[in-house]
Amino acid sequence: MEKTAVSSEVAPKVLMGARDAIYARRSVRDYTEQTLSYEIIHSLLEAAVQAPTAVDEQPWAFAVIENKDTLRRLSDTARETMNDVERSIHVPGRKMVANFTPPDDFFHGAAALIVIYGKDMGPFVVADCWLAAENLMLSACANGLGTCVIGLAVSVLNRPEWKKELGIADDMTAVAPIIVGFPSGFTKPVRRKEPQILLWK
Ligand SMILES: Cc1cc2nc3c(=O)[nH]c(=O)nc-3n(C[C@H](O)[C@H](O)[C@H](O)COP(=O)(O)O)c2cc1C
């Protein structure tokens with residue numbers, strides 16, 4: 001299908017402002033079957049690329065994976081190839097605790113996995129990609145969508161055989177895999193610690 005640019009008239013309407021979206025965003029791991037329109041996905045990518053970027057490099061590129069079979073196989077490979085660090089839960093100030101049970105579906109039945117790739121990994125490329133990721137997630141939240149970073153999928157996405165299957169060039173590195181979909185129900189907020197202020201003078 002021919003994909004064309006989205007005009008502002010057909011882009012989804014924003015339901016909430018930035019501050020509300022920051023506080024409303026949750027990592028959603030339960031989704032409805034509803035698929036995402038081309039317009040919605042495109043509007044998320046447009047929001048992502050508005051992020052600040054070191055020396056205006058804009059070193060990001062995106063893959064959108066909606067195919068259920070591909071997601072299933074990616075999830076299976078991720079589980080089979082998990083390394084010791086990925087199998088562990090890191091408790092700050094303590095050693096790794098190896099007691100993490102991986103989910104059956106790493107992508108939690110979401111309608112799409114959007115992967116943010118960094119091009120030619122310079123010193124700030126990872127930062128740029130994560131800033132784009134947060135823009136994407138806040139924009140999704142503002143439009144009534146759920147998201148969740150799937151850090152456990154980074155290594156499988158960077159395996160040569162998966163890059164080959166997905167047609168991703170060698171100079172691209174998967175940085176931020178994010179699932180997106182319509183939330184099924186309410187996700188309880190994870191309580192945040194007060195900001196630790198080390199210095200204010
Ligand atoms: C770098 C990064 C990697 C993450 N990886 C995963 C993951 O692999 N699977 C998952 O279910 N959640 C993952 N998360 C989501 C976190 O568990 C979640 O952000 C955290 O528990 C706080 O909850 P909240 O996002 O709802 O505030 C990841 C988050 C970040 C920032």
# chains A, B, ... in the order shown; residues from 1 in each chain; ligands from 1
>>> select_by_dssp(residues="region 71-175 of chain A", states="alpha helix (DSSP H)", output="PyMOL selection string")
chain A and resi 71-80+125-142+154-157+160-166
>>> closest_atom_pairs(of="chain A", to="ligand 1", cutoff="9 Å", atoms="only C-alpha atoms and all ligand atoms", output="Markdown table")
| residue | atom | partner | partner_atom_place_in_ligand_line | distance |
| --- | --- | --- | --- | --- |
| A:Tyr23 | CA | ligand 1 | 27 (O) | 8.9 |
| A:Ala24 | CA | ligand 1 | 27 (O) | 9.0 |
| A:Arg25 | CA | ligand 1 | 26 (O) | 6.7 |
| A:Arg26 | CA | ligand 1 | 26 (O) | 3.5 |
| A:Ser27 | CA | ligand 1 | 26 (O) | 3.7 |
| A:Val28 | CA | ligand 1 | 26 (O) | 6.8 |
| A:Arg29 | CA | ligand 1 | 11 (O) | 6.6 |
| A:Glu86 | CA | ligand 1 | 8 (O) | 8.7 |
| A:Pro102 | CA | ligand 1 | 9 (N) | 8.7 |
| A:Pro103 | CA | ligand 1 | 11 (O) | 8.2 |
| A:Phe106 | CA | ligand 1 | 9 (N) | 6.8 |
| A:Phe107 | CA | ligand 1 | 11 (O) | 8.0 |
| A:His108 | CA | ligand 1 | 11 (O) | 8.1 |
| A:Trp130 | CA | ligand 1 | 1 (C) | 8.5 |
| A:Thr147 | CA | ligand 1 | 25 (O) | 8.6 |
| A:Cys148 | CA | ligand 1 | 15 (C) | 5.7 |
| A:Val149 | CA | ligand 1 | 28 (C) | 4.6 |
| A:Ile150 | CA | ligand 1 | 8 (O) | 3.6 |
| A:Gly151 | CA | ligand 1 | 5 (N) | 3.5 |
| A:Leu152 | CA | ligand 1 | 8 (O) | 3.9 |
| A:Ala153 | CA | ligand 1 | 8 (O) | 6.5 |
| A:Val154 | CA | ligand 1 | 8 (O) | 8.5 |
| A:Ala176 | CA | ligand 1 | 1 (C) | 7.5 |
| A:Pro177 | CA | ligand 1 | 3 (C) | 8.5 |
| A:Ile178 | CA | ligand 1 | 5 (N) | 8.9 |
| A:Thr187 | CA | ligand 1 | 26 (O) | 7.5 |
| A:Lys188 | CA | ligand 1 | 26 (O) | 7.5 |
| A:Pro189 | CA | ligand 1 | 26 (O) | 5.7 |
| A:Val190 | CA | ligand 1 | 27 (O) | 5.2 |
| A:Arg191 | CA | ligand 1 | 27 (O) | 7.7 |
| A:Arg192 | CA | ligand 1 | 27 (O) | 8.0 |
>>> write_last_selection(atoms="N, CA, C and O atoms", output="tab-separated table (two decimals), in the first residue's frame")
chain	number	residue	atom	x	y	z
A	23	TYR	N	2.05	12.67	33.76
A	23	TYR	CA	1.56	12.01	34.98
A	23	TYR	C	0.64	10.82	34.68
A	23	TYR	O	0.51	9.91	35.50
A	24	ALA	N	0.03	10.82	33.51
A	24	ALA	CA	-0.90	9.72	33.19
A	24	ALA	C	-0.20	8.52	32.56
A	24	ALA	O	-0.73	7.41	32.59
A	25	ARG	N	0.97	8.74	31.96
A	25	ARG	CA	1.64	7.62	31.26
A	25	ARG	C	1.98	6.48	32.22
A	25	ARG	O	2.46	6.72	33.32
A	26	ARG	N	1.69	5.27	31.80
A	26	ARG	CA	2.04	4.08	32.57
A	26	ARG	C	2.60	3.06	31.60
A	26	ARG	O	2.33	3.14	30.40
A	27	SER	N	3.37	2.11	32.09
A	27	SER	CA	3.79	1.01	31.23
A	27	SER	C	2.63	0.03	31.16
A	27	SER	O	2.30	-0.62	32.16
A	28	VAL	N	2.02	-0.06	29.98
A	28	VAL	CA	0.81	-0.88	29.81
A	28	VAL	C	1.21	-2.25	29.27
A	28	VAL	O	1.95	-2.36	28.28
A	29	ARG	N	0.71	-3.30	29.94
A	29	ARG	CA	1.06	-4.68	29.52
A	29	ARG	C	-0.19	-5.51	29.26
A	29	ARG	O	-0.17	-6.74	29.36
A	86	GLU	N	19.98	-10.17	31.68
A	86	GLU	CA	18.56	-9.98	31.38
A	86	GLU	C	17.67	-10.85	32.29
A	86	GLU	O	16.53	-10.49	32.55
A	102	PRO	N	10.49	-14.61	32.72
A	102	PRO	CA	10.07	-13.85	31.54
A	102	PRO	C	8.60	-14.11	31.19
A	102	PRO	O	8.10	-15.21	31.42
A	103	PRO	N	7.90	-13.11	30.66
A	103	PRO	CA	6.51	-13.32	30.28
A	103	PRO	C	6.41	-14.24	29.07
A	103	PRO	O	7.38	-14.39	28.32
A	106	PHE	N	6.58	-11.39	25.18
A	106	PHE	CA	7.35	-10.19	25.55
A	106	PHE	C	6.65	-8.91	25.12
A	106	PHE	O	6.96	-7.84	25.64
A	107	PHE	N	5.72	-9.03	24.16
A	107	PHE	CA	5.09	-7.82	23.61
A	107	PHE	C	3.64	-7.68	24.07
A	107	PHE	O	2.91	-6.81	23.59
A	108	HIS	N	3.21	-8.53	24.98
A	108	HIS	CA	1.95	-8.38	25.71
A	108	HIS	C	0.73	-8.17	24.82
A	108	HIS	O	-0.21	-7.45	25.20
A	130	TRP	N	16.48	7.84	23.10
A	130	TRP	CA	15.60	7.73	24.27
A	130	TRP	C	14.73	8.98	24.44
A	130	TRP	O	13.59	8.88	24.91
A	147	THR	N	1.64	2.32	26.09
A	147	THR	CA	2.97	1.96	25.58
A	147	THR	C	3.74	1.24	26.68
A	147	THR	O	3.38	1.34	27.85
A	148	CYS	N	4.79	0.56	26.30
A	148	CYS	CA	5.74	0.03	27.30
A	148	CYS	C	7.07	-0.19	26.58
A	148	CYS	O	7.10	-0.76	25.48
A	149	VAL	N	8.14	0.26	27.19
A	149	VAL	CA	9.48	-0.04	26.67
A	149	VAL	C	9.73	-1.52	26.90
A	149	VAL	O	9.45	-2.03	27.99
A	150	ILE	N	10.24	-2.21	25.89
A	150	ILE	CA	10.60	-3.61	26.07
A	150	ILE	C	12.12	-3.74	25.91
A	150	ILE	O	12.64	-4.13	24.86
A	151	GLY	N	12.80	-3.39	26.99
A	151	GLY	CA	14.26	-3.44	26.98
A	151	GLY	C	14.78	-4.85	26.70
A	151	GLY	O	15.84	-5.02	26.10
A	152	LEU	N	13.99	-5.85	27.11
A	152	LEU	CA	14.42	-7.24	26.92
A	152	LEU	C	14.47	-7.65	25.45
A	152	LEU	O	14.98	-8.72	25.13
A	153	ALA	N	13.94	-6.80	24.57
A	153	ALA	CA	13.97	-7.15	23.14
A	153	ALA	C	15.15	-6.52	22.41
A	153	ALA	O	15.36	-6.79	21.23
A	154	VAL	N	15.94	-5.69	23.12
A	154	VAL	CA	17.03	-4.99	22.43
A	154	VAL	C	18.03	-5.98	21.83
A	154	VAL	O	18.39	-5.87	20.65
A	176	ALA	N	15.63	1.48	21.34
A	176	ALA	CA	14.41	1.58	22.16
A	176	ALA	C	13.23	0.87	21.50
A	176	ALA	O	12.57	1.45	20.64
A	177	PRO	N	12.95	-0.37	21.92
A	177	PRO	CA	11.74	-1.04	21.42
A	177	PRO	C	10.55	-0.65	22.30
A	177	PRO	O	10.62	-0.77	23.53
A	178	ILE	N	9.47	-0.21	21.67
A	178	ILE	CA	8.30	0.26	22.44
A	178	ILE	C	7.04	-0.39	21.86
A	178	ILE	O	6.77	-0.26	20.66
A	187	THR	N	-4.09	0.65	34.30
A	187	THR	CA	-2.81	0.20	34.84
A	187	THR	C	-2.48	1.02	36.08
A	187	THR	O	-2.44	2.26	36.01
A	188	LYS	N	-2.26	0.33	37.18
A	188	LYS	CA	-1.98	1.03	38.44
A	188	LYS	C	-0.65	1.78	38.35
A	188	LYS	O	0.34	1.24	37.85
A	189	PRO	N	-0.61	3.03	38.84
A	189	PRO	CA	0.66	3.75	38.80
A	189	PRO	C	1.72	3.11	39.70
A	189	PRO	O	1.37	2.53	40.73
A	190	VAL	N	2.96	3.18	39.27
A	190	VAL	CA	4.08	2.74	40.11
A	190	VAL	C	4.55	3.97	40.88
A	190	VAL	O	4.88	4.99	40.29
A	191	ARG	N	4.55	3.86	42.22
A	191	ARG	CA	4.86	5.02	43.05
A	191	ARG	C	6.31	5.47	42.80
A	191	ARG	O	7.21	4.65	42.68
A	192	ARG	N	6.50	6.77	42.72
A	192	ARG	CA	7.84	7.32	42.54
A	192	ARG	C	8.40	7.82	43.86
A	192	ARG	O	7.65	8.34	44.70
>>> residues_around(residues="region 158-164 of chain A", least_positions_apart="3", cutoff="12 Å", atoms="only C-alpha atoms", output="list in words")
Ala63, Thr70, Leu71, Arg73, Leu74, Ser75, Thr77, Ala78, Thr81, Val115, Ile116, Tyr117, Gly118, Gly151, Leu152, Ala153, Val154, Ser155, Gly167, Ile168, Ala169, Asp170, Asp171, Met172, Thr173, Ala174, Val175, Ala176 and Pro177 of chain A
>>> closest_residue(among="A:Ser43, A:Gln50, A:Ser88, A:Thr35", to="Asn135 (chain A)", atoms="only C-alpha atoms")
A:Gln50
>>> residues_around(residues="region 46-49 of chain A", least_positions_apart="6", cutoff="9 Å", atoms="only C-alpha atoms", output="mmCIF file with C-alpha atoms, in the first residue's frame")
data_model
loop_
_atom_site.group_PDB
_atom_site.id
_atom_site.type_symbol
_atom_site.label_atom_id
_atom_site.label_comp_id
_atom_site.auth_asym_id
_atom_site.auth_seq_id
_atom_site.Cartn_x
_atom_site.Cartn_y
_atom_site.Cartn_z
ATOM 1 C CA GLN A 58 18.627 13.425 14.224
ATOM 2 C CA TRP A 60 17.108 7.942 14.619
ATOM 3 C CA CYS A 129 16.891 7.887 20.694
ATOM 4 C CA LEU A 131 14.418 11.326 24.119
ATOM 5 C CA ALA A 132 12.539 10.427 20.932
ATOM 6 C CA ALA A 133 11.153 7.388 22.779
ATOM 7 C CA GLU A 134 9.737 9.491 25.590
ATOM 8 C CA ASN A 135 8.157 11.914 23.108
ATOM 9 C CA LEU A 136 6.539 8.949 21.362
ATOM 10 C CA MET A 137 5.220 7.488 24.633
ATOM 11 C CA LEU A 138 3.834 10.795 25.929
ATOM 12 C CA SER A 139 2.203 11.504 22.585
#
>>> decode(residues="region 46-62 of chain A", atoms="C-alpha atoms", output="mmCIF file, in the first residue's frame")
data_model
loop_
_atom_site.group_PDB
_atom_site.id
_atom_site.type_symbol
_atom_site.label_atom_id
_atom_site.label_comp_id
_atom_site.auth_asym_id
_atom_site.auth_seq_id
_atom_site.Cartn_x
_atom_site.Cartn_y
_atom_site.Cartn_z
ATOM 1 C CA GLU A 46 6.267 12.744 14.012
ATOM 2 C CA ALA A 47 6.150 13.438 17.761
ATOM 3 C CA ALA A 48 9.247 11.281 18.327
ATOM 4 C CA VAL A 49 11.377 13.273 15.879
ATOM 5 C CA GLN A 50 10.534 16.559 17.642
ATOM 6 C CA ALA A 51 12.895 15.478 20.474
ATOM 7 C CA PRO A 52 16.060 17.462 21.195
ATOM 8 C CA THR A 53 19.046 15.988 19.400
ATOM 9 C CA ALA A 54 22.758 16.597 19.903
ATOM 10 C CA VAL A 55 24.264 18.840 17.187
ATOM 11 C CA ASP A 56 20.989 18.421 15.312
ATOM 12 C CA GLU A 57 22.125 14.992 14.171
ATOM 13 C CA GLN A 58 18.627 13.425 14.224
ATOM 14 C CA PRO A 59 20.295 9.994 14.241
ATOM 15 C CA TRP A 60 17.108 7.942 14.619
ATOM 16 C CA ALA A 61 15.134 5.674 12.334
ATOM 17 C CA PHE A 62 12.065 3.552 13.020
#
